[in-house]
Amino acid sequence: MIPWLEARTPFPDVSKALTEADGAPGLLAAGGDLSSRRLLEAYRHGIFPWFSEGQPILWWSTDPRMVLSTERFVVSHSLKKTLKKVERSMRTDRRWEVRFDTAFEQVMRACAEPRKDSTGTWISADIIRGYTSLHRQGYAHSSELWLDGELVGGAYGVCIGKMFYGESMFARTSDASKVALTYLVQFLRANGVSLIDCQQETSHLASLGASPIPRADFIAHLRHAIAEEPIEEWQPIPLF
């Protein structure tokens, strides 16, 4: 059994999360709300919300934890060619643009759109409201790729101190989400963020250089990282 969270119920210790033997590895609690206070409390303790429409709010802390070292981010040969094209355009005709935080809610809604390999989304209207509130408070950020004034790719997540928690990405043209992510990783690395939380293991994340680490190691890292001074100015940095 997992605990039900009332309005002021604190999260249980992450060591209480269910294991593989329980059938829902990482599930920690249910209930509560998606207020900024609750979301920030969750992230500061290595916990994240993930649930489908019609379910109660479910809170997770997976073990192992999928993370991406900003120093080990993998840029494939084909992606590098795309990045050079984008960067060249940003200096000349500006058909392509990379921006941060100019269309946060739009990025979230694009991430929530149906995908070929999925029948639904966990990014509900309540999730969008919760994270746009965090964005207004300076905790949630988006990296955006624009083509001819149209948003074609992006990624978003939460940043506390020097800890970044990646949430989701989308692409409407080839490599668009990877371009947005590359600029985000470059920026975070330059500003002292060494680890990006990816939450769960996928082959796509692994292809970008992410790998699982023990939850205890992840918690130890984030406790140090969230105590660091926050990043003040979010602006893309040239790659080349």
# chains A, B, ... in the order shown; residues from 1 in each chain; ligands from 1
>>> closest_atom_pairs(of="region 44-126 of chain A", to="region 135-140 of chain A", cutoff="10 Å", atoms="only C-alpha atoms", output="CSV")
residue,atom,partner,partner_atom,distance
A:Asp101,CA,A:His135,CA,8.4
A:Phe104,CA,A:His135,CA,7.5
A:Glu105,CA,A:His135,CA,8.8
>>> atom_distance(atom1="CA of Gly209 (chain A)", atom2="CA of Tyr43 (chain A)")
22.4 Å
>>> closest_residue(among="A:Gln235, A:Ser52, A:Ser61, A:Ser177", to="Leu83 (chain A)", atoms="only C-alpha atoms")
A:Ser177
>>> closest_residue(among="A:Leu39, A:Leu188, A:Val152, A:Ile160", to="Thr132 (chain A)", atoms="only C-alpha atoms")
A:Leu39
>>> atom_distance(atom1="CA of Leu5 (chain A)", atom2="CA of Arg38 (chain A)")
10.5 Å
>>> decode(residues="region 105-185 of chain A", atoms="C-alpha atoms", output="PDB file, in the first residue's frame")
ATOM      1  CA  GLU A 105       2.839  26.898 -22.272  1.00  0.00           C
ATOM      2  CA  GLN A 106       2.853  26.416 -26.052  1.00  0.00           C
ATOM      3  CA  VAL A 107       5.762  23.976 -25.683  1.00  0.00           C
ATOM      4  CA  MET A 108       3.890  22.063 -22.979  1.00  0.00           C
ATOM      5  CA  ARG A 109       0.759  21.812 -25.102  1.00  0.00           C
ATOM      6  CA  ALA A 110       2.799  20.597 -28.060  1.00  0.00           C
ATOM      7  CA  CYS A 111       4.400  17.937 -25.843  1.00  0.00           C
ATOM      8  CA  ALA A 112       0.882  16.848 -24.829  1.00  0.00           C
ATOM      9  CA  GLU A 113      -0.260  16.247 -28.412  1.00  0.00           C
ATOM     10  CA  PRO A 114      -0.873  12.600 -29.467  1.00  0.00           C
ATOM     11  CA  ARG A 115       2.133  10.761 -30.903  1.00  0.00           C
ATOM     12  CA  LYS A 116       2.404   7.879 -33.351  1.00  0.00           C
ATOM     13  CA  ASP A 117       3.821   5.526 -30.720  1.00  0.00           C
ATOM     14  CA  SER A 118       1.396   6.460 -27.938  1.00  0.00           C
ATOM     15  CA  THR A 119      -2.354   6.489 -27.392  1.00  0.00           C
ATOM     16  CA  GLY A 120      -2.454   9.117 -24.677  1.00  0.00           C
ATOM     17  CA  THR A 121      -0.516  11.672 -22.671  1.00  0.00           C
ATOM     18  CA  TRP A 122       0.275  12.276 -19.029  1.00  0.00           C
ATOM     19  CA  ILE A 123       0.461  16.039 -19.644  1.00  0.00           C
ATOM     20  CA  SER A 124      -3.074  16.897 -18.573  1.00  0.00           C
ATOM     21  CA  ALA A 125      -4.678  20.311 -18.195  1.00  0.00           C
ATOM     22  CA  ASP A 126      -3.872  20.184 -14.460  1.00  0.00           C
ATOM     23  CA  ILE A 127      -0.218  19.405 -15.202  1.00  0.00           C
ATOM     24  CA  ILE A 128      -0.064  22.330 -17.634  1.00  0.00           C
ATOM     25  CA  ARG A 129      -1.550  24.691 -15.049  1.00  0.00           C
ATOM     26  CA  GLY A 130       0.859  23.484 -12.374  1.00  0.00           C
ATOM     27  CA  TYR A 131       3.993  23.879 -14.461  1.00  0.00           C
ATOM     28  CA  THR A 132       3.031  27.192 -16.045  1.00  0.00           C
ATOM     29  CA  SER A 133       2.682  28.479 -12.479  1.00  0.00           C
ATOM     30  CA  LEU A 134       6.223  27.261 -11.792  1.00  0.00           C
ATOM     31  CA  HIS A 135       7.322  28.996 -15.000  1.00  0.00           C
ATOM     32  CA  ARG A 136       5.851  32.299 -13.848  1.00  0.00           C
ATOM     33  CA  GLN A 137       7.830  31.931 -10.623  1.00  0.00           C
ATOM     34  CA  GLY A 138      11.070  31.284 -12.526  1.00  0.00           C
ATOM     35  CA  TYR A 139      11.427  27.568 -11.804  1.00  0.00           C
ATOM     36  CA  ALA A 140      10.270  26.009 -15.089  1.00  0.00           C
ATOM     37  CA  HIS A 141      11.875  26.735 -18.455  1.00  0.00           C
ATOM     38  CA  SER A 142      11.501  25.914 -22.130  1.00  0.00           C
ATOM     39  CA  SER A 143      13.997  25.602 -24.961  1.00  0.00           C
ATOM     40  CA  GLU A 144      12.336  26.319 -28.318  1.00  0.00           C
ATOM     41  CA  LEU A 145      13.222  25.869 -31.983  1.00  0.00           C
ATOM     42  CA  TRP A 146      11.430  28.191 -34.420  1.00  0.00           C
ATOM     43  CA  LEU A 147      11.317  28.037 -38.224  1.00  0.00           C
ATOM     44  CA  ASP A 148       9.924  31.022 -40.145  1.00  0.00           C
ATOM     45  CA  GLY A 149       8.178  32.200 -36.985  1.00  0.00           C
ATOM     46  CA  GLU A 150       6.575  28.821 -36.240  1.00  0.00           C
ATOM     47  CA  LEU A 151       7.404  26.692 -33.202  1.00  0.00           C
ATOM     48  CA  VAL A 152       8.649  23.359 -34.579  1.00  0.00           C
ATOM     49  CA  GLY A 153      10.391  21.756 -31.606  1.00  0.00           C
ATOM     50  CA  GLY A 154      11.064  22.183 -27.937  1.00  0.00           C
ATOM     51  CA  ALA A 155      11.812  20.803 -24.509  1.00  0.00           C
ATOM     52  CA  TYR A 156      10.871  21.900 -21.012  1.00  0.00           C
ATOM     53  CA  GLY A 157      11.756  21.141 -17.420  1.00  0.00           C
ATOM     54  CA  VAL A 158      12.244  22.435 -13.895  1.00  0.00           C
ATOM     55  CA  CYS A 159      15.400  24.032 -12.509  1.00  0.00           C
ATOM     56  CA  ILE A 160      16.132  24.457  -8.804  1.00  0.00           C
ATOM     57  CA  GLY A 161      19.547  25.874  -8.000  1.00  0.00           C
ATOM     58  CA  LYS A 162      21.904  23.940 -10.289  1.00  0.00           C
ATOM     59  CA  MET A 163      19.652  20.890 -10.687  1.00  0.00           C
ATOM     60  CA  PHE A 164      17.635  20.530 -13.877  1.00  0.00           C
ATOM     61  CA  TYR A 165      14.757  18.067 -14.151  1.00  0.00           C
ATOM     62  CA  GLY A 166      13.841  17.276 -17.745  1.00  0.00           C
ATOM     63  CA  GLU A 167      10.148  16.706 -18.402  1.00  0.00           C
ATOM     64  CA  SER A 168       9.287  16.288 -22.086  1.00  0.00           C
ATOM     65  CA  MET A 169      10.204  17.176 -25.670  1.00  0.00           C
ATOM     66  CA  PHE A 170       8.392  17.434 -29.001  1.00  0.00           C
ATOM     67  CA  ALA A 171       9.310  17.764 -32.669  1.00  0.00           C
ATOM     68  CA  ARG A 172       7.316  18.791 -35.716  1.00  0.00           C
ATOM     69  CA  THR A 173      10.268  18.478 -38.061  1.00  0.00           C
ATOM     70  CA  SER A 174      13.260  16.145 -38.121  1.00  0.00           C
ATOM     71  CA  ASP A 175      15.689  16.548 -35.195  1.00  0.00           C
ATOM     72  CA  ALA A 176      13.806  19.594 -33.861  1.00  0.00           C
ATOM     73  CA  SER A 177      13.521  18.311 -30.287  1.00  0.00           C
ATOM     74  CA  LYS A 178      17.183  17.268 -30.311  1.00  0.00           C
ATOM     75  CA  VAL A 179      18.242  20.726 -31.492  1.00  0.00           C
ATOM     76  CA  ALA A 180      16.264  22.360 -28.667  1.00  0.00           C
ATOM     77  CA  LEU A 181      17.750  19.892 -26.186  1.00  0.00           C
ATOM     78  CA  THR A 182      21.309  20.449 -27.431  1.00  0.00           C
ATOM     79  CA  TYR A 183      21.085  24.198 -26.863  1.00  0.00           C
ATOM     80  CA  LEU A 184      19.577  23.576 -23.445  1.00  0.00           C
ATOM     81  CA  VAL A 185      22.359  21.151 -22.470  1.00  0.00           C
TER      82      VAL A 185
END
